[in-house]
Amino acid sequence: MSSLPIYMDHHATTPVDDRVLAAMIPHFHERFGNAASSAHVYGKAARDAVEESRARVAALLDCKLEELIFTSGATESDNLAIVGAARAREARGNHIVTVRTEHKAVLDTCAALARQGWRVTFLEVDESGMVPVEAVASAITKDTVLVSVMLANNEVGVLQDIAAIGALAHEHDILFHCDAAQGLGYVPFSVRDLDVDLASVSAHKMYGPKGVGALYVREVVQTRGIPAPQITGGGHERGFRSGTLNVPGIVGFGAAAQIMKEEGKTEARRIASLRDALRDRLLDELEEVRLNGAANRCHPGNLNLSFGYLDGARLLLELCEHVAVSSGAACSSAESGPSYVLEAMGVPKEWAAASVRFGLGRSTTEEEIATVGDVVIDTVHGLRERSPLWKRRSEGKPVDW
Ligand SMILES: Cc1ncc(COP(=O)(O)O)c(C=O)c1O
């Protein structure tokens, strides 16, 4: 294992915590029952485990047990929230407001609705990645039925003003969905305190297993038949999402949520200070480095930097031998190309093409931060020494980069 690069891509996914794995294992064999088989002890044990996990996830979100629908992850939760809310509300209007920098699970779902005749406003963001609350206000029309804005951006970590946007949506009696897959447990997010009607979460972003997540739906919203189910079948999850429950996954999700609730705040402070140390060192010791995002409103584990006068693909290739990071572009979809998030923030394309997202997490240590700092500095210096662009710039000649 020691020859593997340092893992610094915790926005893409996190390793399953040992405590989570230990909780899951019995549910693959000894306690393998189907949570819907209520007649016998195998089924009852599975159902009890699911309900215990529901309570743990609900405690993290600060919601009631009946307000959670287990899904296969945040992508499915986003689809269920957006399509399910749109379908249930189509008699009232046909307009959705979202933001250009949302995850593809939101953007592509809204685009699919647009192809079916819905009107979708994709709002612009400012240079730090924030969507101004006034922009949301001006986009709202009498036909708006849903506003969808994420908690923390998965590329640049910027935290949106969920409290203000939720309050605004509710003033207009519009549903508010928040994709909270990134940052949950690290930044304050109580669905009770915030005017959030629907929230998507994912276990594998918080040291739980892949392939499991949940959609929070406010109780009063459920009573209005929202969301309209997207997967029909046996009527599981109170009819909102059919399909045999992934019991080991849900148990892992519950264990991960409980650990996050107990340790998230302390962990957030620790990783934010490591992140700040790495950021300050790289900005101090390297020339022509640009911070993407909002330093004062950021996911504690996120650092997104662009390195000027470099070939981004080459930089990533060399860095990834020692440290597993990603470029802003590679993290949210299988497509390559310049990051649409950085583009929306107005980052010039040559800078956007040489961006690196460092995602710190539970396993990140001070020693790793020191090593990663050394590696980045050496790699950038090495590439620049061989770069004709950098030579021209150093000679004060014009550079068409
Ligand atoms: C903000 C955000 N939303 C949704 C998703 C999709 O989550 P999942 O992998 O659980 O489908 C991700 C994961 O990349 C994400 O970062």
# chains A, B, ... in the order shown; residues from 1 in each chain; ligands from 1

$ residues_around --residues "Asn304 in chain A" --least-positions-apart "5" --cutoff "6 Å" --atoms "only C-alpha atoms" --output "list of chain:residue names"
A:Val156, A:Asn292, A:Val356, A:Arg357

$ write_last_selection --atoms "all heavy atoms" --output "mmCIF file, in the first residue's frame"
data_model
loop_
_atom_site.group_PDB
_atom_site.id
_atom_site.type_symbol
_atom_site.label_atom_id
_atom_site.label_comp_id
_atom_site.auth_asym_id
_atom_site.auth_seq_id
_atom_site.Cartn_x
_atom_site.Cartn_y
_atom_site.Cartn_z
ATOM 1 N N VAL A 156 -15.337 23.363 -6.541
ATOM 2 C CA VAL A 156 -14.639 24.477 -5.880
ATOM 3 C C VAL A 156 -15.051 24.664 -4.421
ATOM 4 O O VAL A 156 -14.521 25.543 -3.738
ATOM 5 C CB VAL A 156 -14.811 25.805 -6.658
ATOM 6 C CG1 VAL A 156 -14.168 25.709 -8.022
ATOM 7 C CG2 VAL A 156 -16.282 26.184 -6.778
ATOM 8 N N ASN A 292 -9.336 29.127 -6.948
ATOM 9 C CA ASN A 292 -10.687 29.135 -7.520
ATOM 10 C C ASN A 292 -11.695 28.905 -6.400
ATOM 11 O O ASN A 292 -11.600 27.915 -5.675
ATOM 12 C CB ASN A 292 -10.825 28.031 -8.568
ATOM 13 C CG ASN A 292 -9.856 28.211 -9.721
ATOM 14 O OD1 ASN A 292 -9.705 29.317 -10.247
ATOM 15 N ND2 ASN A 292 -9.166 27.147 -10.112
ATOM 16 N N VAL A 356 -6.414 22.113 -10.456
ATOM 17 C CA VAL A 356 -6.309 20.875 -9.684
ATOM 18 C C VAL A 356 -7.207 21.007 -8.467
ATOM 19 O O VAL A 356 -7.172 22.015 -7.759
ATOM 20 C CB VAL A 356 -4.850 20.630 -9.210
ATOM 21 C CG1 VAL A 356 -4.770 19.373 -8.350
ATOM 22 C CG2 VAL A 356 -3.910 20.512 -10.406
ATOM 23 N N ARG A 357 -8.014 19.957 -8.257
ATOM 24 C CA ARG A 357 -8.853 19.937 -7.064
ATOM 25 C C ARG A 357 -8.225 19.002 -6.035
ATOM 26 O O ARG A 357 -8.048 17.819 -6.294
ATOM 27 C CB ARG A 357 -10.251 19.423 -7.430
ATOM 28 C CG ARG A 357 -11.173 19.330 -6.236
ATOM 29 C CD ARG A 357 -12.505 18.705 -6.591
ATOM 30 N NE ARG A 357 -12.373 17.306 -6.988
ATOM 31 C CZ ARG A 357 -13.397 16.502 -7.217
ATOM 32 N NH1 ARG A 357 -14.619 16.960 -7.146
ATOM 33 N NH2 ARG A 357 -13.209 15.237 -7.572
#

$ residues_near_ligand --ligand "ligand 1" --cutoff "6 Å" --atoms "only C-alpha atoms and all ligand atoms" --output "CSV table (one decimal) with N, CA, C and O atoms, in the first residue's frame"
chain,number,residue,atom,x,y,z
A,12,ALA,N,-14.6,13.0,-4.7
A,12,ALA,CA,-15.0,12.0,-5.7
A,12,ALA,C,-15.6,10.8,-4.9
A,12,ALA,O,-16.7,10.4,-5.2
A,73,GLY,N,-28.4,6.6,-4.2
A,73,GLY,CA,-27.3,7.6,-4.1
A,73,GLY,C,-27.9,9.0,-4.5
A,73,GLY,O,-29.1,9.1,-4.8
A,74,ALA,N,-27.0,10.0,-4.5
A,74,ALA,CA,-27.5,11.3,-4.7
A,74,ALA,C,-28.0,11.6,-6.1
A,74,ALA,O,-28.9,12.4,-6.3
A,75,THR,N,-27.4,10.8,-7.1
A,75,THR,CA,-27.9,11.0,-8.4
A,75,THR,C,-29.4,10.6,-8.5
A,75,THR,O,-30.2,11.4,-9.1
A,103,HIS,N,-24.3,20.0,-9.9
A,103,HIS,CA,-23.8,18.7,-10.3
A,103,HIS,C,-24.6,18.3,-11.6
A,103,HIS,O,-25.8,18.7,-11.7
A,105,ALA,N,-26.1,15.6,-12.1
A,105,ALA,CA,-27.3,14.9,-11.7
A,105,ALA,C,-28.5,15.9,-11.7
A,105,ALA,O,-29.6,15.5,-11.9
A,153,ASN,N,-20.3,23.1,-3.5
A,153,ASN,CA,-20.0,22.7,-4.9
A,153,ASN,C,-18.9,21.6,-4.8
A,153,ASN,O,-17.9,21.7,-4.1
A,154,ASN,N,-19.1,20.6,-5.7
A,154,ASN,CA,-18.1,19.5,-5.7
A,154,ASN,C,-16.8,19.8,-6.3
A,154,ASN,O,-15.8,19.1,-6.2
A,179,ASP,N,-29.2,19.9,-3.2
A,179,ASP,CA,-28.3,18.7,-3.3
A,179,ASP,C,-27.2,18.9,-2.3
A,179,ASP,O,-26.3,19.8,-2.4
A,181,ALA,N,-25.1,16.6,-1.2
A,181,ALA,CA,-24.1,15.4,-1.2
A,181,ALA,C,-22.8,15.8,-0.6
A,181,ALA,O,-22.1,15.0,0.0
A,182,GLN,N,-22.3,17.0,-1.0
A,182,GLN,CA,-21.0,17.4,-0.5
A,182,GLN,C,-21.2,18.3,0.7
A,182,GLN,O,-22.0,19.2,0.7
A,202,SER,N,-25.7,11.3,0.0
A,202,SER,CA,-25.1,10.1,-0.5
A,202,SER,C,-24.1,9.6,0.5
A,202,SER,O,-23.3,10.3,1.1
A,332,SER,N,-17.2,15.4,-12.0
A,332,SER,CA,-18.6,15.3,-11.8
A,332,SER,C,-19.3,14.5,-13.0
A,332,SER,O,-20.5,14.2,-12.9

$ residues_around --residues "Thr266 in chain A" --least-positions-apart "5" --cutoff "12 Å" --atoms "only C-alpha atoms" --output "number ranges by chain"
A: 185-187, 259-261, 271-273, 300, 362

$ atom_distance --atom1 "CA of His322 in chain A" --atom2 "CA of Ile6 in chain A"
6.3 Å

$ select_by_dssp --residues "range 158-384 of chain A" --states "strand (DSSP E)" --output "MDAnalysis selection string"
chainID A and resid 175:179 198:202 213:217 289:291 302:307 323:324 355:359

$ select_by_dssp --residues "range 48-226 of chain A" --states "alpha helix (DSSP H)" --output "PyMOL selection string"
chain A and resi 48-61+74-89+104-115+133-139+162-171+219-222

$ atom_distance --atom1 "CA of His236 in chain A" --atom2 "CA of Gly43 in chain A"
13.9 Å

$ atom_distance --atom1 "CA of Leu68 in chain A" --atom2 "CA of Glu30 in chain A"
26.4 Å

$ closest_residue --among "A:Gly235, A:Asp311, A:Ala46, A:Ile162" --to "Asp193 in chain A" --atoms "only C-alpha atoms"
A:Ile162

$ closest_residue --among "A:Gly252, A:Thr141, A:Cys298, A:Trp401" --to "Pro26 in chain A" --atoms "only C-alpha atoms"
A:Gly252

$ closest_residue --among "A:Ala135, A:Asp378, A:Tyr207, A:Ser128" --to "Ala295 in chain A" --atoms "only C-alpha atoms"
A:Ser128

$ residues_around --residues "Ala199 in chain A" --least-positions-apart "2" --cutoff "8 Å" --atoms "only C-alpha atoms" --output "list in words"
Ser77, Ala81, His177, Cys178, Asp179, Ala180, Val196, Asp197, Val201, Leu215, Tyr216 and Val217 of chain A
